[in-house]
Structures are given as C-alpha cells and as structure tokens.
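Chemist: Data file final-v2.cif (mmCIF, C-alpha atoms) is appended below.
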```cif
data_work
loop_
_atom_site.label_atom_id
_atom_site.label_comp_id
_atom_site.auth_asym_id
_atom_site.auth_seq_id
_atom_site.Cartn_x
_atom_site.Cartn_y
_atom_site.Cartn_z
CA MET W 1 22.18 12.84 3.79
CA ALA W 2 23.95 14.32 0.83
CA ALA W 3 23.18 13.53 -2.77
CA ALA W 4 25.90 11.06 -3.60
CA ALA W 5 26.40 10.43 -7.29
CA VAL W 6 26.79 6.84 -8.42
CA THR W 7 30.26 6.22 -9.77
CA PRO W 8 29.97 5.15 -13.43
CA ARG W 9 31.64 1.93 -14.56
CA LEU W 10 33.20 1.41 -17.92
CA GLU W 11 32.13 -2.21 -18.38
CA ALA W 12 28.74 -2.99 -19.89
CA PRO W 13 25.93 -4.07 -17.54
CA GLU W 14 25.88 -7.76 -16.72
CA PRO W 15 23.11 -9.56 -18.67
CA MET W 16 20.17 -10.66 -16.56
CA PRO W 17 20.56 -14.36 -15.77
CA SER W 18 18.07 -17.13 -16.37
CA TYR W 19 16.27 -18.74 -13.44
CA ALA W 20 18.65 -21.70 -13.59
CA GLN W 21 21.71 -19.45 -13.58
CA MET W 22 20.30 -17.37 -10.74
CA LEU W 23 19.62 -20.44 -8.59
CA GLN W 24 22.96 -22.07 -9.37
CA ARG W 25 25.10 -18.98 -8.78
CA SER W 26 23.17 -17.81 -5.72
CA TRP W 27 23.32 -21.25 -4.09
CA ALA W 28 27.05 -21.55 -4.81
CA SER W 29 27.74 -18.09 -3.38
CA ALA W 30 25.63 -18.67 -0.27
CA LEU W 31 27.24 -22.07 0.32
CA ALA W 32 30.73 -20.63 -0.05
CA ALA W 33 29.85 -17.79 2.34
CA ALA W 34 28.56 -20.27 4.92
CA GLN W 35 31.63 -22.48 4.64
CA GLY W 36 33.98 -19.51 4.90
CA CYS W 37 32.28 -18.03 7.95
CA GLY W 38 34.37 -19.49 10.74
CA ASP W 39 33.22 -17.17 13.53
CA CYS W 40 29.53 -16.80 12.57
CA GLY W 41 27.30 -16.38 15.59
CA TRP W 42 25.94 -13.81 18.00
CA GLY W 43 29.37 -12.35 18.59
CA LEU W 44 29.86 -11.54 14.92
CA ALA W 45 26.29 -10.26 14.71
CA ARG W 46 26.83 -7.88 17.63
CA ARG W 47 30.10 -6.61 16.17
CA GLY W 48 28.50 -6.10 12.77
CA LEU W 49 25.61 -4.23 14.32
CA ALA W 50 27.94 -1.94 16.26
CA GLU W 51 30.30 -1.31 13.33
CA HIS W 52 27.97 -1.08 10.34
CA ALA W 53 24.49 -0.02 11.49
CA HIS W 54 23.93 3.72 11.16
CA LEU W 55 20.45 4.84 12.19
CA ALA W 56 20.18 8.01 14.25
CA ALA W 57 17.52 8.68 16.85
CA PRO W 58 16.24 11.82 15.01
CA GLU W 59 15.66 9.70 11.90
CA LEU W 60 13.59 7.19 13.90
CA LEU W 61 11.63 9.99 15.53
CA LEU W 62 10.91 11.57 12.14
CA ALA W 63 9.61 8.22 10.83
CA VAL W 64 7.31 7.82 13.87
CA LEU W 65 5.96 11.36 13.45
CA CYS W 66 5.31 10.73 9.77
CA ALA W 67 3.49 7.47 10.66
CA LEU W 68 1.23 9.45 13.00
CA GLY W 69 0.76 11.94 10.19
CA TRP W 70 -0.31 9.15 7.78
CA THR W 71 -2.87 7.94 10.33
CA ALA W 72 -4.30 11.41 10.87
CA LEU W 73 -4.33 12.08 7.12
CA ARG W 74 -6.16 8.84 6.42
CA TRP W 75 -8.78 9.63 9.06
CA ALA W 76 -9.29 13.11 7.61
CA ALA W 77 -9.48 11.82 4.04
CA THR W 78 -11.92 9.07 5.02
CA THR W 79 -14.16 11.45 6.95
CA HIS W 80 -14.17 14.42 4.60
CA ILE W 81 -13.51 12.92 1.14
CA PHE W 82 -13.98 9.18 0.74
CA ARG W 83 -17.21 8.63 2.71
CA PRO W 84 -18.93 11.72 1.24
CA LEU W 85 -17.82 10.55 -2.22
CA ALA W 86 -19.31 7.10 -1.64
CA LYS W 87 -22.55 8.67 -0.43
CA ARG W 88 -22.71 11.10 -3.34
CA CYS W 89 -22.13 8.31 -5.88
CA ARG W 90 -24.76 6.16 -4.12
CA LEU W 91 -22.54 3.11 -3.80
CA GLN W 92 -23.90 -0.13 -2.44
CA PRO W 93 -23.48 -0.24 1.38
CA ARG W 94 -20.77 -2.90 1.39
CA ASP W 95 -18.89 -1.13 -1.44
CA ALA W 96 -19.15 2.20 0.39
CA ALA W 97 -17.57 0.56 3.45
CA ARG W 98 -14.65 -0.73 1.37
CA LEU W 99 -13.99 2.38 -0.71
CA PRO W 100 -11.99 4.46 1.86
CA GLU W 101 -9.33 1.77 2.35
CA SER W 102 -8.85 1.11 -1.37
CA ALA W 103 -8.84 4.80 -2.30
CA TRP W 104 -6.28 5.59 0.42
CA LYS W 105 -3.95 2.78 -0.65
CA LEU W 106 -4.30 3.66 -4.33
CA LEU W 107 -3.24 7.27 -3.75
CA PHE W 108 -0.24 6.27 -1.66
CA TYR W 109 1.05 3.44 -3.84
CA LEU W 110 0.54 5.42 -7.04
CA ALA W 111 2.49 8.40 -5.68
CA CYS W 112 5.32 6.29 -4.23
CA TRP W 113 5.64 4.00 -7.24
CA SER W 114 5.72 6.98 -9.60
CA TYR W 115 8.47 8.56 -7.52
CA CYS W 116 10.53 5.35 -7.47
CA ALA W 117 9.98 4.89 -11.21
CA TYR W 118 11.29 8.42 -11.74
CA LEU W 119 14.41 7.71 -9.67
CA LEU W 120 15.17 4.43 -11.45
CA LEU W 121 14.17 5.34 -15.00
CA GLY W 122 14.45 9.14 -15.14
CA THR W 123 17.74 9.80 -13.35
CA SER W 124 21.31 8.54 -13.55
CA TYR W 125 20.77 5.64 -11.14
CA PRO W 126 21.60 2.44 -13.11
CA PHE W 127 20.13 -0.05 -10.63
CA PHE W 128 17.17 -1.22 -12.71
CA HIS W 129 19.12 -1.89 -15.91
CA ASP W 130 22.24 -3.07 -14.05
CA PRO W 131 21.15 -4.64 -10.72
CA PRO W 132 24.70 -5.68 -9.65
CA SER W 133 25.52 -1.96 -9.54
CA VAL W 134 23.53 -1.64 -6.30
CA PHE W 135 26.71 -2.78 -4.51
CA TYR W 136 29.29 -0.88 -6.55
CA ASP W 137 31.33 1.41 -4.30
CA TRP W 138 29.43 0.29 -1.20
CA ARG W 139 30.95 1.54 2.05
CA SER W 140 29.87 1.13 5.64
CA GLY W 141 28.18 4.33 6.81
CA MET W 142 28.15 5.89 3.34
CA ALA W 143 25.89 8.89 2.77
CA VAL W 144 22.36 8.11 1.60
CA PRO W 145 21.33 10.31 -1.37
CA TRP W 146 18.57 12.65 -0.25
CA ASP W 147 16.15 11.54 -2.95
CA ILE W 148 16.45 7.87 -1.93
CA ALA W 149 16.20 8.91 1.74
CA VAL W 150 12.85 10.56 0.95
CA ALA W 151 11.59 7.31 -0.58
CA TYR W 152 12.69 5.44 2.55
CA LEU W 153 10.99 7.93 4.86
CA LEU W 154 7.71 7.67 2.95
CA GLN W 155 7.75 3.87 2.81
CA GLY W 156 9.01 3.24 6.34
CA SER W 157 6.53 5.59 7.98
CA PHE W 158 3.67 4.24 5.86
CA TYR W 159 4.33 0.64 6.92
CA CYS W 160 4.46 1.76 10.56
CA HIS W 161 1.02 3.24 9.97
CA SER W 162 -0.09 0.10 8.09
CA ILE W 163 0.61 -2.17 11.07
CA TYR W 164 -1.72 -0.02 13.19
CA ALA W 165 -4.27 0.28 10.36
CA THR W 166 -4.42 -3.48 9.76
CA MET W 167 -5.18 -4.13 13.42
CA TYR W 168 -7.51 -1.20 14.20
CA MET W 169 -8.76 0.51 11.01
CA ASP W 170 -9.14 -2.10 8.25
CA SER W 171 -11.66 -4.92 8.01
CA TRP W 172 -10.26 -8.14 9.47
CA ARG W 173 -9.77 -10.75 6.74
CA LYS W 174 -8.64 -14.34 6.72
CA ASP W 175 -5.22 -13.27 5.41
CA SER W 176 -4.82 -10.35 7.84
CA VAL W 177 -2.32 -12.27 9.96
CA VAL W 178 -0.18 -12.87 6.86
CA MET W 179 -0.59 -9.19 6.01
CA LEU W 180 0.68 -8.23 9.47
CA VAL W 181 3.69 -10.52 9.02
CA HIS W 182 4.27 -8.90 5.63
CA HIS W 183 4.17 -5.40 7.16
CA VAL W 184 6.55 -6.35 9.97
CA VAL W 185 9.02 -8.06 7.61
CA THR W 186 8.83 -5.12 5.19
CA LEU W 187 9.38 -2.58 7.95
CA LEU W 188 12.33 -4.60 9.28
CA LEU W 189 13.80 -4.73 5.78
CA ILE W 190 13.32 -1.00 5.26
CA ALA W 191 14.88 0.00 8.58
CA SER W 192 17.79 -2.45 8.43
CA SER W 193 18.61 -1.85 4.76
CA TYR W 194 18.71 1.89 5.47
CA ALA W 195 20.88 1.41 8.56
CA PHE W 196 23.35 -0.87 6.75
CA ARG W 197 23.30 1.33 3.64
CA TYR W 198 21.65 -1.17 1.31
CA HIS W 199 19.33 1.60 0.17
CA ASN W 200 20.00 0.99 -3.53
CA VAL W 201 18.52 -2.50 -3.20
CA GLY W 202 15.58 -1.09 -1.26
CA LEU W 203 14.74 1.36 -4.03
CA LEU W 204 14.58 -1.52 -6.50
CA VAL W 205 12.34 -3.54 -4.16
CA PHE W 206 9.95 -0.59 -3.77
CA PHE W 207 9.65 -0.22 -7.52
CA LEU W 208 9.02 -3.92 -8.19
CA HIS W 209 6.38 -4.35 -5.48
CA ASP W 210 4.28 -1.19 -5.44
CA VAL W 211 3.09 -1.41 -9.05
CA SER W 212 0.89 -4.46 -8.42
CA ASP W 213 -0.68 -2.71 -5.41
CA VAL W 214 -1.62 0.17 -7.70
CA GLN W 215 -3.27 -2.25 -10.11
CA LEU W 216 -5.11 -4.11 -7.33
CA GLU W 217 -6.61 -1.04 -5.64
CA PHE W 218 -7.53 0.59 -8.96
CA THR W 219 -9.35 -2.56 -10.04
CA LYS W 220 -11.22 -2.82 -6.74
CA LEU W 221 -12.39 0.80 -6.96
CA ASN W 222 -13.84 0.18 -10.41
CA ILE W 223 -15.60 -2.91 -9.08
CA TYR W 224 -17.20 -0.76 -6.37
CA PHE W 225 -18.25 1.97 -8.82
CA LYS W 226 -19.74 -0.27 -11.50
CA ALA W 227 -22.96 -0.78 -9.50
CA ARG W 228 -23.33 2.76 -8.16
CA GLY W 229 -26.82 4.20 -8.03
CA GLY W 230 -28.37 0.77 -8.39
CA ALA W 231 -27.48 0.58 -12.11
CA TYR W 232 -24.72 -1.26 -13.94
CA HIS W 233 -22.07 1.03 -15.46
CA ARG W 234 -20.44 -0.72 -18.37
CA LEU W 235 -17.34 1.53 -18.47
CA HIS W 236 -16.36 0.68 -14.88
CA GLY W 237 -16.98 -3.00 -15.57
CA LEU W 238 -14.72 -2.88 -18.63
CA VAL W 239 -12.00 -0.97 -16.76
CA ALA W 240 -12.22 -3.49 -13.90
CA ASN W 241 -11.72 -6.39 -16.32
CA LEU W 242 -8.75 -4.69 -17.97
CA GLY W 243 -7.33 -3.74 -14.57
CA CYS W 244 -7.61 -7.35 -13.45
CA LEU W 245 -5.69 -8.53 -16.49
CA SER W 246 -3.07 -5.85 -15.87
CA PHE W 247 -2.81 -6.90 -12.22
CA CYS W 248 -2.28 -10.55 -13.22
CA PHE W 249 0.49 -9.60 -15.61
CA CYS W 250 2.20 -7.13 -13.26
CA TRP W 251 2.15 -9.52 -10.32
CA PHE W 252 3.81 -12.27 -12.31
CA TRP W 253 6.27 -10.09 -14.19
CA PHE W 254 7.42 -7.74 -11.43
CA ARG W 255 7.22 -9.93 -8.30
CA LEU W 256 7.80 -13.44 -9.59
CA TYR W 257 10.07 -12.78 -12.59
CA TRP W 258 12.01 -9.56 -12.11
CA PHE W 259 12.24 -9.66 -8.30
CA PRO W 260 14.26 -12.92 -8.09
CA LEU W 261 16.32 -12.23 -11.21
CA LYS W 262 17.18 -8.64 -10.34
CA VAL W 263 17.02 -8.34 -6.53
CA LEU W 264 17.72 -11.85 -5.21
CA TYR W 265 20.46 -12.44 -7.76
CA ALA W 266 22.12 -9.15 -6.80
CA THR W 267 21.88 -9.75 -3.05
CA CYS W 268 22.71 -13.47 -3.01
CA HIS W 269 25.46 -13.56 -5.63
CA CYS W 270 26.63 -10.14 -6.83
CA SER W 271 26.94 -8.67 -3.34
CA LEU W 272 29.76 -11.06 -2.49
CA GLN W 273 31.50 -10.29 -5.78
CA SER W 274 31.60 -6.57 -5.00
CA VAL W 275 31.97 -6.74 -1.20
CA PRO W 276 33.35 -10.16 -0.13
CA ASP W 277 32.89 -9.48 3.59
CA ILE W 278 29.56 -7.68 3.29
CA PRO W 279 27.84 -7.54 6.72
CA TYR W 280 24.60 -9.32 7.55
CA TYR W 281 24.57 -11.21 4.25
CA PHE W 282 22.40 -14.08 5.50
CA PHE W 283 20.08 -11.86 7.52
CA PHE W 284 19.02 -9.73 4.55
CA ASN W 285 18.77 -12.60 2.13
CA ILE W 286 16.58 -14.60 4.51
CA LEU W 287 14.21 -11.63 4.82
CA LEU W 288 14.10 -11.16 1.05
CA LEU W 289 13.46 -14.87 0.56
CA LEU W 290 10.65 -14.67 3.12
CA LEU W 291 9.18 -11.80 1.11
CA MET W 292 9.40 -13.98 -1.99
CA VAL W 293 7.66 -16.85 -0.17
CA MET W 294 4.78 -14.53 0.79
CA ASN W 295 4.51 -13.36 -2.81
CA ILE W 296 4.18 -16.99 -3.88
CA TYR W 297 1.66 -17.65 -1.09
CA TRP W 298 -0.56 -14.81 -2.28
CA PHE W 299 -0.03 -15.96 -5.85
CA LEU W 300 -1.28 -19.47 -5.13
CA VAL W 301 -3.59 -19.48 -2.14
CA SER W 302 -5.93 -16.63 -1.27
CA ARG W 303 -8.76 -15.20 -3.36
CA PRO W 304 -9.76 -11.53 -3.42
CA LEU W 305 -11.72 -11.41 -6.65
CA ARG W 306 -14.31 -13.65 -8.21
CA VAL W 307 -15.08 -13.88 -11.90
CA ILE W 308 -18.31 -15.59 -12.96
CA SER W 309 -18.28 -16.91 -16.50
CA ARG W 310 -21.43 -16.94 -18.60
CA PRO W 311 -22.07 -20.69 -18.18
CA GLY W 312 -21.93 -20.10 -14.40
CA ARG W 313 -18.44 -21.49 -13.73
CA VAL W 314 -16.52 -19.61 -11.04
CA LEU W 315 -12.93 -18.56 -11.57
CA CYS W 316 -11.10 -17.07 -8.59
CA ILE W 317 -8.68 -14.25 -9.13
CA GLY W 318 -6.21 -14.97 -6.42
CA GLY W 319 -5.22 -13.77 -3.12
CA ALA W 320 -5.08 -10.65 -1.10
CA LYS W 321 -2.38 -9.99 -3.48
CA SER W 322 -2.32 -13.08 -5.54
CA LEU W 323 -3.02 -14.08 -9.06
CA TRP W 324 -5.90 -16.38 -9.86
CA GLN W 325 -7.00 -19.95 -9.57
CA PRO W 326 -9.41 -21.83 -11.83
CA GLN W 327 -11.58 -23.99 -9.55
CA GLY W 328 -9.32 -23.29 -6.57
CA PHE W 329 -6.12 -24.76 -8.03
CA ILE W 330 -3.18 -23.35 -9.94
CA GLY W 331 0.06 -24.74 -11.23
CA ALA W 332 2.77 -22.13 -11.65
CA LEU W 333 4.22 -23.98 -14.63
CA PHE W 334 0.94 -23.54 -16.51
CA LEU W 335 0.54 -19.85 -15.68
CA PRO W 336 1.07 -18.53 -19.25
CA GLN W 337 -1.72 -20.77 -20.58
CA TYR W 338 -4.03 -19.73 -17.73
CA ILE W 339 -3.43 -16.02 -18.32
CA VAL W 340 -4.02 -16.39 -22.06
CA ALA W 341 -7.23 -18.33 -21.46
CA PHE W 342 -8.40 -15.86 -18.83
CA ALA W 343 -7.57 -12.88 -21.06
CA ALA W 344 -9.46 -14.47 -23.96
CA LYS W 345 -12.56 -14.98 -21.77
CA VAL W 346 -12.53 -11.37 -20.58
CA LEU W 347 -11.88 -9.86 -23.99
CA THR W 348 -14.50 -12.01 -25.73
CA GLY W 349 -17.17 -11.24 -23.16
CA GLN W 350 -17.39 -14.70 -21.59
CA MET W 351 -16.70 -13.20 -18.17
CA ARG W 352 -19.94 -11.69 -16.90
CA GLU W 353 -19.15 -10.41 -13.40
CA LEU W 354 -16.06 -9.37 -11.47
CA GLU W 355 -16.53 -9.06 -7.71
CA ASP W 356 -14.28 -8.32 -4.75
CA LEU W 357 -14.41 -11.12 -2.19
CA ARG W 358 -11.25 -10.59 -0.17
CA GLU W 359 -13.20 -9.35 2.84
CA TYR W 360 -14.87 -12.74 3.22
CA ASP W 361 -13.65 -16.02 4.59
CA THR W 362 -15.99 -17.99 2.30
CA LEU W 363 -17.57 -17.43 -1.09
CA GLU W 364 -21.02 -17.76 0.47
CA ALA W 365 -20.66 -14.72 2.74
CA GLN W 366 -22.94 -11.94 1.61
CA THR W 367 -22.47 -9.12 4.14
CA ALA W 368 -19.34 -7.01 4.23
CA LYS W 369 -17.67 -6.55 7.58
CA PRO W 370 -17.45 -2.82 8.39
CA CYS W 371 -14.14 -1.19 9.15
CA LYS W 372 -13.22 -1.18 12.83
CA ALA W 373 -12.81 2.58 12.62
CA GLU W 374 -16.50 2.83 11.61
#
```
For the structure just supplied, provide its representation as structure tokens.

Modeler:
Amino acid sequence: MAAAAVTPRLEAPEPMPSYAQMLQRSWASALAAAQGCGDCGWGLARRGLAEHAHLAAPELLLAVLCALGWTALRWAATTHIFRPLAKRCRLQPRDAARLPESAWKLLFYLACWSYCAYLLLGTSYPFFHDPPSVFYDWRSGMAVPWDIAVAYLLQGSFYCHSIYATMYMDSWRKDSVVMLVHHVVTLLLIASSYAFRYHNVGLLVFFLHDVSDVQLEFTKLNIYFKARGGAYHRLHGLVANLGCLSFCFCWFWFRLYWFPLKVLYATCHCSLQSVPDIPYYFFFNILLLLLMVMNIYWFLVSRPLRVISRPGRVLCIGGAKSLWQPQGFIGALFLPQYIVAFAAKVLTGQMRELEDLREYDTLEAQTAKPCKAE
C-alpha cells in the first residue's frame, strides 16, 4: 500500500450543489445508469467482484486481530481506568455503570476523527473541498495510500469489535437492533469500499460521521460527572448544555447537510462523470442511502437525553444519535427555529436539568441496566 499522490487538476473545484440540484442530478444519473445497464444481474455482479475486488487474506486477518485487540484494550481500560475513576469521583451508581462505555467511545472517536481531519484538512488531499475529486484517476486495483489504509484498518477493526460489544458488553437499549444494523452496514461499506478502491469516499464518510459521536459521548460524560459526590457541579452542567447544543449543530450540519451534498452527490452523480462504467454503482449507493436513512431515523425518532425546563415541560434531545424533539415530535423543515429556541432556553437558564435516558425504554424507568460484561 504505497503512498499514492493525488493528481492535481487545473480546473477549479466544482461548487457544492443545492439540495434540489443534488436530487435532480443524482436521480438523472441513476436513472440513466439503470436504463443503460443491459446485462445487470448476478452474472455482472460476479464478474465485477472477480475483476475489481482486491482484498487480501492477510489484510482481513490483520483487521480481525486488531478487533480482538480493541476488545482486550476496552476490557483493560474498563477494569483498570474507567471503573476506578468512577469510584474515585463517587459517581452515582447508574452513572458509574455508564461511564466506561462513553469514555471508551469518546477516546476512539476523538482520535480517529482528529486523524481524518488531519488527512482532509492538513494534507494535499482535496476531497473535502472538492468532493468530485474522490473519483479522479480512479483505477481498478489502484494502490491505497498508506495513511488512508491506516484509517481504514482502525475503523474496520473497531466496527468488528463494536458488533461484539453491542451484543455482549454494552447495555441493551431499545435502539440496539438498529445500532447492530448500523454496525453491519458500516462494516460492509468499509470492507467493500476498500476492496473496490473507493477509499477516498470512505475517508470523507469517516470525517463527516465521527464528529457527532465525539460530541455525544463528551456530553454524556459531563452529565455523569455533574452529580458526582452527591453534589451538583455547575461547570459540568454548563459544559453538558454547551455540548448538547454543539451535538445538535454537528449532527445536522455534518450528517444531514454535508453528507448528502458532498458524499451522495459525488457517488450518485460525479462517479459516473469520471468513470462511466464504475463497478458496483448501485450497491454502494444503496448502502450509503441506507446510512442516510438511519441518520434521519436517529434524528427524528429515538431519545437519549432529556431536558427539563423550569416550568416543568420536558424537551427530548433525540435519539441514540439523533437530534431533539419538543413533546415527542419534530418537523425537519422547522429545525432552524427549534435549534434557535432550544439554544435560547439553554443560554438564558430556562433549561434546568440535562439527563441521559438512552438506556431506558421509557421516560419513567429509574434504574440503569448494568453492562452485560459487569
């Protein structure tokens, strides 16, 4: 896996399209690809897999070994760092049970997102500012730059570990089945995009998704620490409120705004402009669209955080990974007004309490479910 430099282009980057332009151009390109595919079927799929997929057995073995390493490292960190830290800080019992999972995820996502941000913003890779460039000079079986290969190894092995952790180490939640589907789809995307050499797209997807996970886990940790020792710590409460606002903004901006306009536009439309006979076009775009659907699901449906306003009205800050819902309902078209109103309530002190409720199936549940590993 040699470090392959990206060939510079003389033309200026293509301006990012609007939502309407993205939908119109992507639909037209996908429709034209479907109409022009005369021999689409299992035969073409098998030929494409044999001709264009390049994933060696040693690479798979290395990913499995790293996944085992993540599992062992999490166990060691939980046993020797996170649980003693919770005990030393005298966290509430249910918060102490949640801390190891959130602390582990925060460290991983922060490290991986920082690395991807460095690759996209601190090197010569133009993919963030010029998303169509992810397919410039694409060739079947091309060398994967070593720095992008490292990002793929970290992410792929971590999601292998995450499938096991969701089933056997984490608390079981009402959205755990969706989380398992997410992990499987993500792992399939990581492995197949690496094998078919769509690694430039994958790097952009990593960057756009991991930042909201950093915000979510950081906010949850501050929620756990604000009541440590049986006393309320105002600094952690303030940081939790600010982190929640940051999470709301990042989720919307990175996953619901930039992801379709940068990634889906590049894969649905620009890919066919650069490589007219690009293999597995529909397969990858269906997986990316499924990822987008899950982002919208978490944005609209589930509820990990609860905010109690001073008059006693409950506002839910949405999903395992979602945004938030006043009184259990949200309209995406009114999101800017909701965020402004929510931000005003937090900043003016009308929000009294921020609490993590993702572990529970109902708002009335009062006892945290311990980790299966405990």

Chemist: Which residues come within 12 Å of range 127-137 of chain W, counting all atoms listed in the file, excluding same-chain residues fewer than 5 positions away, as a ChimeraX atom specification?

Modeler: /W:4-17,116-122,142-143,196-208,254,258-276,278

Chemist: How many Å separate CA of Leu256 in chain W from CA of Phe299 in chain W?

Modeler: 9.0 Å

Chemist: Which residues, named as in the file, does the PyMOL selection byres ((chain W and resi 243) around 9) pick out? Answer as a ChimeraX atom specification.

Modeler: /W:215-216,218-220,222,238-242,244-248

Chemist: Let me know the residues the PyMOL selection byres ((chain W and resi 157) around 8) catches in the file above, as number ranges by chain.

Modeler: W: 63-67, 70, 153-156, 158-161

Chemist: Write the residues of the preceding selection, restricted to C-alpha atoms, as a PDB file, keeping the file's coordinate frame.

Modeler:
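What follows is the written file part_16.pdb:
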```pdb
ATOM      1  CA  ALA W  63       9.610   8.220  10.830  1.00  0.00           C
ATOM      2  CA  VAL W  64       7.310   7.820  13.870  1.00  0.00           C
ATOM      3  CA  LEU W  65       5.960  11.360  13.450  1.00  0.00           C
ATOM      4  CA  CYS W  66       5.310  10.730   9.770  1.00  0.00           C
ATOM      5  CA  ALA W  67       3.490   7.470  10.660  1.00  0.00           C
ATOM      6  CA  TRP W  70      -0.310   9.150   7.780  1.00  0.00           C
ATOM      7  CA  LEU W 153      10.990   7.930   4.860  1.00  0.00           C
ATOM      8  CA  LEU W 154       7.710   7.670   2.950  1.00  0.00           C
ATOM      9  CA  GLN W 155       7.750   3.870   2.810  1.00  0.00           C
ATOM     10  CA  GLY W 156       9.010   3.240   6.340  1.00  0.00           C
ATOM     11  CA  PHE W 158       3.670   4.240   5.860  1.00  0.00           C
ATOM     12  CA  TYR W 159       4.330   0.640   6.920  1.00  0.00           C
ATOM     13  CA  CYS W 160       4.460   1.760  10.560  1.00  0.00           C
ATOM     14  CA  HIS W 161       1.020   3.240   9.970  1.00  0.00           C
TER      15      HIS W 161
END
```

Chemist: Can you list every residue of range 218-255 of chain W that has an atom at most 9 Å from range 94-99 of chain W, with its nearest atom pair and the distance in Å to one decimal, using all atoms listed in the file, ordered by chain then number, as a tab-separated table?

Modeler:
```
residue	atom	partner	partner_atom	distance
W:Lys220	CA	W:Leu99	CA	8.4
W:Leu221	CA	W:Leu99	CA	6.6
W:Ile223	CA	W:Asp95	CA	8.5
W:Tyr224	CA	W:Asp95	CA	5.2
W:Phe225	CA	W:Asp95	CA	8.0
W:Arg228	CA	W:Asp95	CA	8.9
```

Chemist: List the spatial neighbours of Thr79 in chain W as a ChimeraX atom specification - criterion: any atom at most 12 Å away, all atoms listed in the file, same-chain residues fewer than 3 positions off excluded.

Modeler: /W:72-76,82-87,97,99-101,104,373-374

Chemist: Save out the residues we just selected, C-alpha atoms, as a compact mmCIF listing (two decimals), in the frame of the given file.

Modeler:
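Output (out.txt):
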```
# COMPACT_ATOMS: atom_id res chain seq x y z
CA ALA W 72 -4.30 11.41 10.87
CA LEU W 73 -4.33 12.08 7.12
CA ARG W 74 -6.16 8.84 6.42
CA TRP W 75 -8.78 9.63 9.06
CA ALA W 76 -9.29 13.11 7.61
CA PHE W 82 -13.98 9.18 0.74
CA ARG W 83 -17.21 8.63 2.71
CA PRO W 84 -18.93 11.72 1.24
CA LEU W 85 -17.82 10.55 -2.22
CA ALA W 86 -19.31 7.10 -1.64
CA LYS W 87 -22.55 8.67 -0.43
CA ALA W 97 -17.57 0.56 3.45
CA LEU W 99 -13.99 2.38 -0.71
CA PRO W 100 -11.99 4.46 1.86
CA GLU W 101 -9.33 1.77 2.35
CA TRP W 104 -6.28 5.59 0.42
CA ALA W 373 -12.81 2.58 12.62
CA GLU W 374 -16.50 2.83 11.61
```
